[in-house]
file my_file_5.txt (compact mmCIF, C-alpha atoms)
# COMPACT_ATOMS: atom_id res chain seq x y z
CA MET A 1096 18.38 -31.55 9.40
CA LYS A 1097 18.40 -35.25 8.75
CA LYS A 1098 21.25 -36.56 6.63
CA ILE A 1099 21.19 -40.05 5.16
CA MET A 1100 24.69 -41.28 4.43
CA MET A 1101 23.95 -44.60 2.71
CA PHE A 1102 25.78 -43.71 -0.51
CA LEU A 1103 26.08 -47.23 -1.85
CA THR A 1104 22.38 -47.94 -1.49
CA ILE A 1105 21.43 -44.62 -3.04
CA GLY A 1106 23.89 -45.19 -5.89
CA ALA A 1107 22.37 -48.58 -6.62
CA THR A 1108 18.86 -47.14 -6.52
CA VAL A 1109 19.80 -44.37 -8.93
CA ALA A 1110 21.36 -46.92 -11.30
CA LEU A 1111 18.22 -49.03 -11.27
CA LEU A 1112 16.06 -46.03 -12.02
CA ALA A 1113 18.30 -44.63 -14.76
CA LEU A 1114 16.95 -46.65 -17.67
CA PRO A 1115 13.25 -46.27 -16.88
CA VAL A 1116 13.67 -42.52 -16.43
CA ALA A 1117 15.54 -42.20 -19.71
CA ALA A 1118 12.87 -44.22 -21.49
CA LYS A 1119 10.18 -42.08 -19.98
CA THR A 1120 12.00 -38.95 -21.10
CA VAL A 1121 12.03 -40.19 -24.69
CA VAL A 1122 8.30 -40.81 -24.55
CA VAL A 1123 7.63 -37.36 -23.10
CA VAL A 1124 9.77 -35.64 -25.71
CA THR A 1125 8.05 -37.59 -28.46
CA ALA A 1126 4.65 -36.63 -27.03
CA VAL A 1127 5.67 -32.96 -26.97
CA GLN A 1128 6.90 -33.19 -30.54
CA ASP A 1129 3.62 -34.84 -31.62
CA ALA A 1130 1.62 -32.14 -29.79
CA CYS A 1131 3.48 -29.46 -31.74
CA ALA A 1132 3.16 -31.09 -35.13
CA GLN A 1133 1.46 -28.92 -37.74
CA GLU A 1134 -1.65 -31.10 -37.67
CA ALA A 1135 -1.87 -30.75 -33.89
CA ARG A 1136 -1.37 -26.97 -34.10
CA ASP A 1137 -4.10 -26.71 -36.73
CA ALA A 1138 -6.44 -28.70 -34.51
CA LEU A 1139 -5.68 -26.43 -31.53
CA TYR A 1140 -6.36 -23.33 -33.58
CA LYS A 1141 -9.67 -24.79 -34.79
CA THR A 1142 -10.63 -25.57 -31.19
CA PHE A 1143 -9.83 -21.98 -30.28
CA VAL A 1144 -11.90 -20.52 -33.13
CA ASP A 1145 -14.86 -22.80 -32.41
CA ASN A 1146 -14.96 -21.90 -28.70
CA ARG A 1147 -13.75 -18.31 -28.34
CA GLN A 1148 -17.34 -17.11 -27.94
CA ALA A 1149 -19.21 -20.05 -26.40
CA ASP A 1150 -16.51 -21.51 -24.10
CA GLN A 1151 -13.69 -19.05 -23.56
CA LYS A 1152 -11.95 -21.22 -20.97
CA LYS A 1153 -11.65 -24.03 -23.52
CA ALA A 1154 -10.53 -21.55 -26.17
CA TYR A 1155 -7.94 -20.15 -23.74
CA ASP A 1156 -6.49 -23.59 -23.00
CA ALA A 1157 -6.19 -24.32 -26.73
CA ALA A 1158 -4.54 -20.97 -27.41
CA LYS A 1159 -2.02 -21.47 -24.60
CA LYS A 1160 -1.08 -24.89 -25.97
CA TYR A 1161 -0.71 -23.44 -29.47
CA LEU A 1162 1.57 -20.65 -28.25
CA ALA A 1163 3.60 -23.15 -26.24
CA CYS A 1164 4.79 -24.75 -29.47
CA PRO A 1165 7.67 -22.70 -30.93
CA VAL A 1166 7.94 -22.19 -34.67
CA ALA A 1167 11.46 -21.68 -36.04
CA THR A 1168 10.46 -19.82 -39.18
CA PRO A 1169 6.75 -19.05 -39.09
CA THR A 1170 4.93 -18.21 -42.29
CA GLU A 1171 3.11 -14.92 -42.65
CA SER A 1172 -0.15 -16.69 -41.82
CA GLN A 1173 1.34 -18.32 -38.73
CA THR A 1174 2.80 -15.02 -37.59
CA LYS A 1175 -0.62 -13.40 -37.73
CA ILE A 1176 -2.17 -16.28 -35.80
CA ILE A 1177 0.53 -16.10 -33.12
CA GLU A 1178 0.11 -12.33 -32.74
CA TYR A 1179 -3.67 -12.66 -32.53
CA LEU A 1180 -3.59 -15.48 -30.00
CA THR A 1181 -1.03 -13.63 -27.88
CA LYS A 1182 -3.27 -10.56 -27.70
CA TRP A 1183 -6.37 -12.68 -27.03
CA VAL A 1184 -4.70 -14.67 -24.25
CA THR A 1185 -3.43 -11.47 -22.61
CA ALA A 1186 -6.90 -9.94 -22.71
CA TYR A 1187 -8.49 -13.13 -21.38
CA GLU A 1188 -6.04 -13.40 -18.48
CA LYS A 1189 -6.59 -9.78 -17.61
CA GLY A 1190 -10.35 -10.21 -17.66
CA ASP A 1191 -10.19 -13.48 -15.74
CA ARG A 1192 -7.86 -12.17 -13.03
CA ILE A 1193 -10.67 -11.40 -10.61
CA ASN A 1194 -11.88 -15.00 -10.84
CA ARG A 1195 -8.36 -16.31 -10.29
CA PHE A 1196 -7.88 -13.83 -7.46
CA ASN A 1197 -10.99 -15.04 -5.61
CA ASP A 1198 -10.10 -18.66 -6.27
CA GLU A 1199 -6.56 -18.34 -4.91
CA LEU A 1200 -7.67 -16.26 -1.92
CA TYR A 1201 -10.81 -18.00 -0.75
CA ASN A 1202 -10.78 -21.48 -2.26
CA LYS A 1203 -7.14 -22.49 -2.52
CA LYS A 1204 -6.04 -20.21 0.32
CA ASN A 1205 -2.84 -19.64 -1.60
CA TYR A 1206 -2.20 -16.21 -0.14
CA ALA A 1207 1.13 -15.58 -1.83
CA GLU A 1208 -0.41 -16.17 -5.28
CA ALA A 1209 -3.58 -14.26 -4.36
CA PHE A 1210 -1.50 -11.22 -3.41
CA LYS A 1211 0.42 -11.51 -6.67
CA VAL A 1212 -2.76 -11.61 -8.77
CA GLY A 1213 -4.39 -8.90 -6.67
CA GLY A 1214 -1.31 -6.73 -7.02
CA ASP A 1215 -1.43 -7.12 -10.80
CA ILE A 1216 -5.07 -6.03 -10.82
CA LEU A 1217 -4.32 -2.96 -8.73
CA LYS A 1218 -1.46 -1.96 -11.01
CA ASP A 1219 -3.97 -1.59 -13.83
CA GLU A 1220 -6.84 -0.48 -11.60
CA PRO A 1221 -5.35 1.42 -8.64
CA ASP A 1222 -8.80 2.53 -7.50
CA ASN A 1223 -10.27 -0.98 -7.37
CA THR A 1224 -11.59 -0.71 -3.80
CA LYS A 1225 -13.05 -4.21 -3.81
CA VAL A 1226 -9.76 -5.97 -4.49
CA MET A 1227 -7.98 -3.75 -2.00
CA VAL A 1228 -10.58 -4.54 0.68
CA HIS A 1229 -10.32 -8.29 0.11
CA LEU A 1230 -6.53 -8.19 0.25
CA GLY A 1231 -6.49 -6.04 3.36
CA ALA A 1232 -9.22 -7.92 5.21
CA ASN A 1233 -7.43 -11.23 4.67
CA GLY A 1234 -3.99 -9.74 5.19
CA TYR A 1235 -3.64 -10.97 8.77
CA LEU A 1236 -3.44 -14.51 7.36
CA VAL A 1237 -0.03 -13.87 5.78
CA GLY A 1238 1.59 -13.37 9.18
CA VAL A 1239 2.35 -17.08 9.58
CA LEU A 1240 4.17 -17.14 6.24
CA ASN A 1241 7.05 -15.11 7.71
CA ASN A 1242 7.31 -13.15 4.48
CA PRO A 1243 8.21 -9.51 5.30
CA GLN A 1244 7.26 -8.30 1.83
CA LEU A 1245 3.80 -9.86 2.00
CA THR A 1246 3.32 -8.52 5.52
CA THR A 1247 4.19 -5.00 4.39
CA GLU A 1248 1.85 -5.30 1.41
CA ALA A 1249 -0.99 -6.60 3.58
CA VAL A 1250 -0.73 -3.69 6.00
CA ASP A 1251 -0.48 -1.21 3.13
CA TYR A 1252 -3.57 -2.63 1.41
CA ALA A 1253 -5.51 -2.59 4.68
CA ARG A 1254 -4.62 1.06 5.36
CA LYS A 1255 -5.55 2.12 1.83
CA ALA A 1256 -8.80 0.18 1.95
CA LEU A 1257 -9.79 1.78 5.26
CA ALA A 1258 -8.94 5.23 3.90
CA ALA A 1259 -11.04 4.58 0.78
CA LEU A 1260 -14.04 3.43 2.83
CA GLU A 1261 -13.72 6.37 5.20
CA ALA A 1262 -13.64 8.68 2.17
CA GLY A 1263 -17.02 7.37 1.07
CA LYS A 1264 -16.08 4.70 -1.44
CA THR A 1265 -18.00 1.45 -1.29
CA VAL A 1266 -18.18 -2.04 -2.76
CA ASP A 1267 -21.08 -3.30 -4.84
CA ASP A 1268 -20.88 -6.83 -3.41
CA TRP A 1269 -19.15 -7.64 -0.13
CA THR A 1270 -19.28 -11.42 -0.68
CA PRO A 1271 -17.76 -13.41 0.91
CA LEU A 1272 -17.01 -10.78 3.56
CA GLN A 1273 -20.80 -10.45 4.10
CA SER A 1274 -20.86 -6.81 5.17
CA LYS A 1275 -18.96 -3.56 5.43
CA ASP A 1276 -18.75 -3.92 9.22
CA LEU A 1277 -17.02 -7.27 8.90
CA ALA A 1278 -14.63 -5.86 6.31
CA VAL A 1279 -13.77 -2.85 8.49
CA ALA A 1280 -13.25 -5.08 11.53
CA TYR A 1281 -10.81 -7.34 9.70
CA LEU A 1282 -9.02 -4.45 7.99
CA ASN A 1283 -8.30 -3.01 11.44
CA TYR A 1284 -7.31 -6.43 12.71
CA THR A 1285 -4.83 -6.91 9.88
CA ILE A 1286 -3.09 -3.64 10.69
CA GLY A 1287 -3.12 -4.24 14.44
CA SER A 1288 -2.02 -7.87 14.43
CA LEU A 1289 0.75 -7.39 11.86
CA THR A 1290 2.22 -4.26 13.49
CA VAL A 1291 1.79 -5.08 17.19
CA GLU A 1292 5.26 -6.56 17.54
CA LYS A 1293 7.12 -3.55 16.15
CA ASP A 1294 4.71 -0.80 17.21
CA PRO A 1295 2.46 -2.04 20.04
CA SER A 1296 1.29 1.44 21.02
CA GLY A 1297 0.31 2.26 17.44
CA ALA A 1298 -1.40 -1.11 16.97
CA LEU A 1299 -3.69 -0.64 19.95
CA LYS A 1300 -6.33 1.57 18.29
CA TYR A 1301 -6.66 -0.85 15.39
CA LEU A 1302 -6.99 -3.90 17.63
CA ILE A 1303 -9.56 -2.19 19.84
CA LYS A 1304 -11.52 -1.04 16.79
CA SER A 1305 -11.51 -4.58 15.37
CA ALA A 1306 -13.43 -5.76 18.44
CA GLN A 1307 -16.18 -3.14 18.16
CA PHE A 1308 -18.25 -4.94 15.51
CA GLU A 1309 -20.41 -8.04 15.75
CA THR A 1310 -17.95 -10.35 14.02
CA PRO A 1311 -15.98 -13.45 15.06
CA LEU A 1312 -13.16 -11.13 16.14
CA LYS A 1313 -15.32 -9.78 18.96
CA LYS A 1314 -15.62 -13.31 20.36
CA SER A 1315 -12.04 -14.37 19.77
CA ALA A 1316 -9.74 -14.83 22.75
CA VAL A 1317 -6.75 -14.00 20.58
CA THR A 1318 -8.13 -10.54 19.75
CA TYR A 1319 -8.09 -9.57 23.41
CA ALA A 1320 -4.81 -11.31 24.05
CA LEU A 1321 -3.24 -9.13 21.36
CA ILE A 1322 -4.75 -6.02 22.92
CA ALA A 1323 -3.41 -6.87 26.37
CA GLY A 1324 0.00 -7.65 24.93
CA ALA A 1325 0.00 -4.35 23.04
CA TYR A 1326 -0.71 -2.47 26.26
CA GLU A 1327 1.99 -4.39 28.08
CA THR A 1328 4.83 -3.93 25.60
CA GLY A 1329 3.69 -0.47 24.51
CA PRO A 1330 2.33 2.07 27.02
CA TYR A 1331 3.13 0.03 30.12
CA ALA A 1332 6.75 -0.67 29.17
CA LYS A 1333 7.31 2.99 28.30
CA GLN A 1334 5.72 4.36 31.47
CA ALA A 1335 7.36 1.79 33.72
CA GLU A 1336 10.76 2.73 32.29
CA ALA A 1337 10.08 6.43 32.88
CA TYR A 1338 8.94 5.69 36.43
CA LYS A 1339 12.40 4.45 37.39
CA ILE A 1340 13.49 8.01 38.17
CA TYR A 1341 11.28 7.86 41.28
CA LYS A 1342 12.86 4.70 42.61
CA ASP A 1343 14.13 5.04 46.21
CA GLN A 1344 12.93 8.66 46.24
CA PRO A 1345 10.42 10.28 48.61
CA GLU A 1346 6.87 10.16 47.29
CA THR A 1347 5.81 13.33 45.50
CA PRO A 1348 2.69 14.47 43.65
CA GLU A 1349 4.56 13.81 40.40
CA SER A 1350 5.47 10.25 41.32
CA LYS A 1351 1.91 9.56 42.48
CA LEU A 1352 0.54 10.90 39.20
CA ALA A 1353 2.99 8.77 37.20
CA LEU A 1354 1.95 5.70 39.17
CA ALA A 1355 -1.74 6.49 38.65
CA ASN A 1356 -1.18 6.56 34.90
CA ILE A 1357 0.65 3.24 35.06
CA HIS A 1358 -2.23 1.73 37.01
CA GLN A 1359 -4.64 2.81 34.29
CA VAL A 1360 -2.68 0.77 31.79
CA VAL A 1361 -2.24 -2.22 34.09
CA ASP A 1362 -5.98 -2.28 34.72
CA ARG A 1363 -6.56 -2.55 31.00
CA MET A 1364 -4.03 -5.32 30.74
CA ILE A 1365 -5.90 -7.18 33.49
CA ASP A 1366 -9.19 -6.64 31.69
CA GLY A 1367 -7.72 -7.90 28.43
CA TYR A 1368 -6.16 -11.04 29.83
CA ALA A 1369 -9.41 -11.77 31.68
CA ARG A 1370 -11.37 -11.56 28.41
CA ALA A 1371 -8.88 -13.83 26.68
CA VAL A 1372 -9.16 -16.42 29.46
CA ALA A 1373 -12.96 -16.22 29.52
CA LEU A 1374 -13.29 -16.60 25.75
CA ALA A 1375 -10.71 -19.37 25.50
CA GLY A 1376 -13.06 -21.51 27.58
CA SER A 1377 -12.43 -25.20 27.02
CA ASP A 1378 -11.15 -24.86 23.46
CA PRO A 1379 -8.37 -27.47 23.17
CA LYS A 1380 -6.62 -25.41 20.50
CA LEU A 1381 -6.12 -22.61 23.03
CA ALA A 1382 -5.36 -24.73 26.08
CA ALA A 1383 -1.67 -23.86 26.25
CA GLN A 1384 -2.28 -20.18 25.57
CA LYS A 1385 -5.08 -20.05 28.15
CA THR A 1386 -2.71 -21.36 30.81
CA GLN A 1387 -0.19 -18.63 30.00
CA TRP A 1388 -2.84 -15.91 29.86
CA SER A 1389 -4.29 -17.12 33.16
CA ASP A 1390 -0.92 -17.13 34.92
CA THR A 1391 -0.15 -13.65 33.63
CA LEU A 1392 -3.58 -12.40 34.66
CA LYS A 1393 -3.20 -13.73 38.19
CA GLY A 1394 0.15 -12.00 38.57
CA TRP A 1395 -1.14 -8.61 37.47
CA TYR A 1396 -4.41 -8.97 39.38
CA LYS A 1397 -2.52 -9.69 42.58
CA PHE A 1398 -0.25 -6.74 41.89
CA ARG A 1399 -3.25 -4.40 41.74
CA ASN A 1400 -5.34 -6.16 44.37
CA PRO A 1401 -2.84 -7.50 46.93
CA ASN A 1402 -5.39 -7.95 49.73
CA GLU A 1403 -8.01 -9.90 47.81
CA PRO A 1404 -8.28 -13.71 48.09
CA GLU A 1405 -6.91 -15.93 45.33
CA THR A 1406 -10.43 -16.76 44.17
CA ALA A 1407 -11.24 -13.11 43.45
CA VAL A 1408 -9.65 -13.30 40.02
CA ASP A 1409 -11.98 -16.17 39.06
CA THR A 1410 -14.98 -14.06 39.97
CA TYR A 1411 -13.56 -11.22 37.94
CA VAL A 1412 -13.10 -13.43 34.87
CA ALA A 1413 -16.65 -14.79 35.21
CA SER A 1414 -18.13 -11.30 34.93
CA ILE A 1415 -15.74 -9.61 32.51
CA LEU A 1416 -17.66 -10.32 29.29
CA SER A 1417 -20.71 -8.49 30.64
CA LYS A 1418 -18.68 -5.27 30.69
CA PRO A 1419 -18.00 -3.10 27.63
CA LEU A 1420 -14.52 -3.04 26.20
CA PRO A 1421 -12.91 0.21 27.39
CA PRO A 1422 -11.04 2.59 25.11
CA GLU A 1423 -7.41 3.51 25.56
CA PRO A 1424 -6.98 5.48 28.79
CA THR A 1425 -6.73 9.25 28.65
CA PRO A 1426 -3.47 10.29 30.36
CA LEU A 1427 -4.10 11.82 33.77
CA THR A 1428 -2.80 15.34 34.30
CA SER A 1429 -3.88 15.55 37.92
CA LEU A 1430 -4.65 13.05 40.64
CA PRO A 1431 -8.30 12.04 41.09
CA ALA A 1432 -10.05 13.90 43.87
CA THR A 1433 -11.63 10.71 45.18
CA PRO A 1434 -10.46 7.09 45.24
CA ALA A 1435 -11.29 4.97 42.21
CA ALA A 1436 -14.02 2.34 42.31
CA THR A 1437 -12.99 -0.95 43.84
CA THR A 1438 -13.05 -4.48 42.61
CA GLY A 1439 -13.93 -6.04 45.93
CA ALA A 1440 -12.65 -6.67 49.40
CA SER A 1441 -9.33 -4.92 49.09
CA GLY A 1442 -10.67 -1.61 47.79
CA SER A 1443 -8.08 -1.46 45.05
CA ALA A 1444 -8.75 0.26 41.72
CA THR A 1445 -11.05 -1.61 39.38
CA PRO A 1446 -9.40 -2.73 36.17
CA THR A 1447 -10.84 -0.69 33.35
CA GLY A 1448 -9.07 -2.95 30.94
CA THR A 1449 -9.01 -4.15 27.45
CA PRO A 1450 -8.42 -7.62 26.04
CA ALA A 1451 -5.07 -9.18 25.85
CA ALA A 1452 -2.80 -11.52 24.02
CA GLY A 1453 0.79 -12.54 23.77
CA THR A 1454 3.07 -9.57 23.77
CA ASN A 1455 5.03 -10.95 20.89
CA GLY A 1456 2.05 -10.42 18.63
CA THR A 1457 1.28 -14.10 18.19
CA GLY A 1458 -1.40 -14.38 20.82
CA ASN A 1459 0.54 -16.95 22.80
CA GLY A 1460 1.09 -14.90 25.93
CA ALA A 1461 4.85 -15.21 25.78
CA SER A 1462 6.02 -11.77 26.79
CA ALA A 1463 8.99 -10.37 28.62
CA ALA A 1464 8.66 -9.90 32.37
CA PRO A 1465 7.40 -6.36 33.05
CA ALA A 1466 9.29 -3.78 35.01
CA THR A 1467 7.72 -3.27 38.42
CA ALA A 1468 5.79 -0.12 39.27
CA ASN A 1469 5.73 0.26 43.05
CA THR A 1470 2.43 0.97 44.73
CA LYS A 1471 4.36 2.99 47.33
CA PRO A 1472 7.31 4.45 45.46
CA ALA A 1473 9.07 5.87 48.46
CA ALA A 1474 8.97 3.53 51.38
CA SER A 1475 7.07 0.28 51.03
CA ALA A 1476 8.31 -2.99 49.66
CA THR A 1477 8.35 -3.42 45.92
CA PRO A 1478 5.74 -5.89 44.66
CA LYS A 1479 7.14 -8.90 42.90
CA LYS A 1480 6.86 -9.02 39.13
CA PRO A 1481 4.11 -11.25 37.78
CA ARG A 1482 5.59 -14.47 36.52
CA ARG A 1483 5.50 -15.10 32.77
call {"tool": "encode", "arguments": {"input": "my_file_5.txt", "output": "structure tokens"}}
result
Amino acid sequence: MKKIMMFLTIGATVALLALPVAAKTVVVVTAVQDACAQEARDALYKTFVDNRQADQKKAYDAAKKYLACPVATPTESQTKIIEYLTKWVTAYEKGDRINRFNDELYNKKNYAEAFKVGGDILKDEPDNTKVMVHLGANGYLVGVLNNPQLTTEAVDYARKALAALEAGKTVDDWTPLQSKDLAVAYLNYTIGSLTVEKDPSGALKYLIKSAQFETPLKKSAVTYALIAGAYETGPYAKQAEAYKIYKDQPETPESKLALANIHQVVDRMIDGYARAVALAGSDPKLAAQKTQWSDTLKGWYKFRNPNEPETAVDTYVASILSKPLPPEPTPLTSLPATPAATTGASGSATPTGTPAAGTNGTGNGASAAPATANTKPAASATPKKPRR
């Protein structure tokens, strides 16, 4: 934090500004007093009456200005006017909330205010699916605000909106979301992206679902980076920790099965990071992230394909987008009867992967170094951990 210690200079500046500020204050106070004079109040009320049907926004502004002027001892007539205007303004604001909600959310991009207005609407209309969908679908945008309350609200709205749509409820006009598919994709993305840091395993299904529709999310490198990161800090971390019991032990059917399940997850991590790298392309905004994703990908690819040349990973990345995004792996309960398909020269298992991102949920590829799962748990050398 910068601290300027030039007290004498500041003191002189304040002194110079004191008189102009005081003069300005007098003018402002006088203007406020003039605006609240009886003649001014009468004019405001006339403006309200003349426009309450034809131009309600103008009538609303006049009514707000009228109510902003306090009356110490109002007459019976003034009391009735104040009560009427108060009720009218309340009704107008309630009716105009949807316009303010859309304006704050889509035009001003003031997400904190949009969530406040949207929350007020849902208090009065808890079954307003449209507002809930718009809040939930845009909820991922509040992540950068570092506001835990807003984050919780966004996830909650997204879950409720998905449940409502799955129960058969619909929206008469999806604008500006364009379609139900786009709304569903972004609702899933909100849940996945905002929960991946605390619950990566739980976030996976939402992130994978968000990439199933023809929306910008399907072509976003960050979507797949998040998926890969979720695999890495969720299923992989858990299985790698459990695998430690086999360290320095003779190989057994159980240890081989545990390793096979780990490899399923690693293959999906490889697939995810490859998609992120491929989709990042030459986008300068993702240059730093692409470098991290690429380094991580190379480490894991070498781990699973130790005998392939360094260029093999480039070939893999070049072809990855032609392959469908795989679902979460089904846990193996028995070892495969035949070897898995191979990626190339080395004959190692083909990554069946899913997209990836930073394991910290930001899409920046900055994750903790993974625990190592040995390809030969009993006797052979332990592969080095991929560098982060």
call {"tool": "closest_atom_pairs", "arguments": {"input": "my_file_5.txt", "of": "segment 1296-1347 of chain A", "to": "segment 1369-1389 of chain A", "cutoff": "7 Å", "atoms": "all atoms listed in the file", "output": "tab-separated table"}}
result
residue	atom	partner	partner_atom	distance
A:Lys1314	CA	A:Leu1374	CA	6.7
A:Ser1315	CA	A:Leu1374	CA	6.5
A:Ala1316	CA	A:Ala1371	CA	4.1
A:Val1317	CA	A:Ala1371	CA	6.5
A:Tyr1319	CA	A:Ala1371	CA	5.4
A:Ala1320	CA	A:Ala1371	CA	5.5
call {"tool": "residues_around", "arguments": {"input": "my_file_5.txt", "residues": "segment 1175-1191 of chain A", "least_positions_apart": "2", "cutoff": "7 Å", "atoms": "all atoms listed in the file", "output": "PyMOL selection string"}}
result
chain A and resi 1155+1158+1162+1171-1173+1193-1195
call {"tool": "closest_residue", "arguments": {"input": "my_file_5.txt", "among": "A:Lys1351, A:Lys1342, A:Lys1304, A:Lys1141", "to": "Leu1277 of chain A", "atoms": "only C-alpha atoms"}}
result
A:Lys1304
call {"tool": "atom_distance", "arguments": {"input": "my_file_5.txt", "atom1": "atom CA of Thr1347 of chain A", "atom2": "atom CA of Asp1366 of chain A"}}
result
28.5 Å
call {"tool": "residues_near_point", "arguments": {"input": "my_file_5.txt", "point": "(2.2, 2.6, 31.7)", "cutoff": "9 Å", "atoms": "only C-alpha atoms", "output": "list in words"}}
result
Tyr1326, Glu1327, Gly1329, Pro1330, Tyr1331, Ala1332, Lys1333, Gln1334, Ala1335, Glu1336, Ala1337, Tyr1338, Ala1353, Leu1354, Ala1355, Asn1356, Ile1357, His1358, Gln1359, Val1360, Val1361 and Ala1468 of chain A
call {"tool": "write_last_selection", "arguments": {"input": "my_file_5.txt", "atoms": "C-alpha atoms", "output": "PDB file, in the coordinates of the input"}}
result
ATOM      1  CA  TYR A1326      -0.710  -2.470  26.260  1.00  0.00           C
ATOM      2  CA  GLU A1327       1.990  -4.390  28.080  1.00  0.00           C
ATOM      3  CA  GLY A1329       3.690  -0.470  24.510  1.00  0.00           C
ATOM      4  CA  PRO A1330       2.330   2.070  27.020  1.00  0.00           C
ATOM      5  CA  TYR A1331       3.130   0.030  30.120  1.00  0.00           C
ATOM      6  CA  ALA A1332       6.750  -0.670  29.170  1.00  0.00           C
ATOM      7  CA  LYS A1333       7.310   2.990  28.300  1.00  0.00           C
ATOM      8  CA  GLN A1334       5.720   4.360  31.470  1.00  0.00           C
ATOM      9  CA  ALA A1335       7.360   1.790  33.720  1.00  0.00           C
ATOM     10  CA  GLU A1336      10.760   2.730  32.290  1.00  0.00           C
ATOM     11  CA  ALA A1337      10.080   6.430  32.880  1.00  0.00           C
ATOM     12  CA  TYR A1338       8.940   5.690  36.430  1.00  0.00           C
ATOM     13  CA  ALA A1353       2.990   8.770  37.200  1.00  0.00           C
ATOM     14  CA  LEU A1354       1.950   5.700  39.170  1.00  0.00           C
ATOM     15  CA  ALA A1355      -1.740   6.490  38.650  1.00  0.00           C
ATOM     16  CA  ASN A1356      -1.180   6.560  34.900  1.00  0.00           C
ATOM     17  CA  ILE A1357       0.650   3.240  35.060  1.00  0.00           C
ATOM     18  CA  HIS A1358      -2.230   1.730  37.010  1.00  0.00           C
ATOM     19  CA  GLN A1359      -4.640   2.810  34.290  1.00  0.00           C
ATOM     20  CA  VAL A1360      -2.680   0.770  31.790  1.00  0.00           C
ATOM     21  CA  VAL A1361      -2.240  -2.220  34.090  1.00  0.00           C
ATOM     22  CA  ALA A1468       5.790  -0.120  39.270  1.00  0.00           C
TER      23      ALA A1468
END
call {"tool": "closest_residue", "arguments": {"input": "my_file_5.txt", "among": "A:Pro1169, A:Gly1213, A:Phe1143, A:Val1412", "to": "Ala1157 of chain A", "atoms": "all atoms listed in the file"}}
result
A:Phe1143
call {"tool": "atom_distance", "arguments": {"input": "my_file_5.txt", "atom1": "atom CA of Lys1293 of chain A", "atom2": "atom CA of Lys1313 of chain A"}}
result
23.5 Å
call {"tool": "residues_around", "arguments": {"input": "my_file_5.txt", "residues": "segment 1215-1228 of chain A", "least_positions_apart": "6", "cutoff": "12 Å", "atoms": "all atoms listed in the file", "output": "PyMOL selection string"}}
result
chain A and resi 1188-1197+1200+1208-1209+1234+1248-1272+1274-1283+1285
call {"tool": "atom_distance", "arguments": {"input": "my_file_5.txt", "atom1": "atom CA of Pro1426 of chain A", "atom2": "atom CA of Ala1306 of chain A"}}
result
22.3 Å
call {"tool": "decode", "arguments": {"input": "my_file_5.txt", "residues": "segment 1392-1427 of chain A", "atoms": "C-alpha atoms", "output": "CSV table (one decimal), in the first residue's frame"}}
result
chain,number,residue,atom,x,y,z
A,1392,LEU,CA,0.4,-32.7,-20.5
A,1393,LYS,CA,3.9,-33.7,-21.5
A,1394,GLY,CA,4.7,-34.9,-18.0
A,1395,TRP,CA,1.6,-37.1,-17.8
A,1396,TYR,CA,1.9,-38.3,-21.4
A,1397,LYS,CA,5.5,-39.4,-20.8
A,1398,PHE,CA,4.4,-41.1,-17.6
A,1399,ARG,CA,1.9,-43.2,-19.5
A,1400,ASN,CA,3.9,-43.6,-22.7
A,1401,PRO,CA,7.6,-43.8,-21.5
A,1402,ASN,CA,8.9,-45.4,-24.7
A,1403,GLU,CA,7.3,-42.9,-27.2
A,1404,PRO,CA,9.3,-40.1,-28.8
A,1405,GLU,CA,8.9,-36.6,-27.5
A,1406,THR,CA,7.0,-35.6,-30.7
A,1407,ALA,CA,4.3,-38.2,-30.0
A,1408,VAL,CA,2.5,-35.8,-27.7
A,1409,ASP,CA,2.2,-33.2,-30.5
A,1410,THR,CA,0.6,-35.8,-32.8
A,1411,TYR,CA,-1.8,-36.7,-30.0
A,1412,VAL,CA,-2.8,-33.0,-29.5
A,1413,ALA,CA,-3.3,-32.5,-33.2
A,1414,SER,CA,-5.9,-35.3,-33.3
A,1415,ILE,CA,-7.6,-35.0,-30.0
A,1416,LEU,CA,-10.5,-32.7,-31.1
A,1417,SER,CA,-11.6,-35.3,-33.6
A,1418,LYS,CA,-12.4,-37.7,-30.7
A,1419,PRO,CA,-15.5,-37.5,-28.6
A,1420,LEU,CA,-15.2,-36.3,-25.0
A,1421,PRO,CA,-15.3,-39.5,-22.8
A,1422,PRO,CA,-17.5,-39.8,-19.7
A,1423,GLU,CA,-16.1,-40.4,-16.3
A,1424,PRO,CA,-14.5,-43.8,-16.1
A,1425,THR,CA,-16.4,-46.7,-14.6
A,1426,PRO,CA,-14.3,-48.2,-11.8
A,1427,LEU,CA,-12.7,-51.5,-12.8
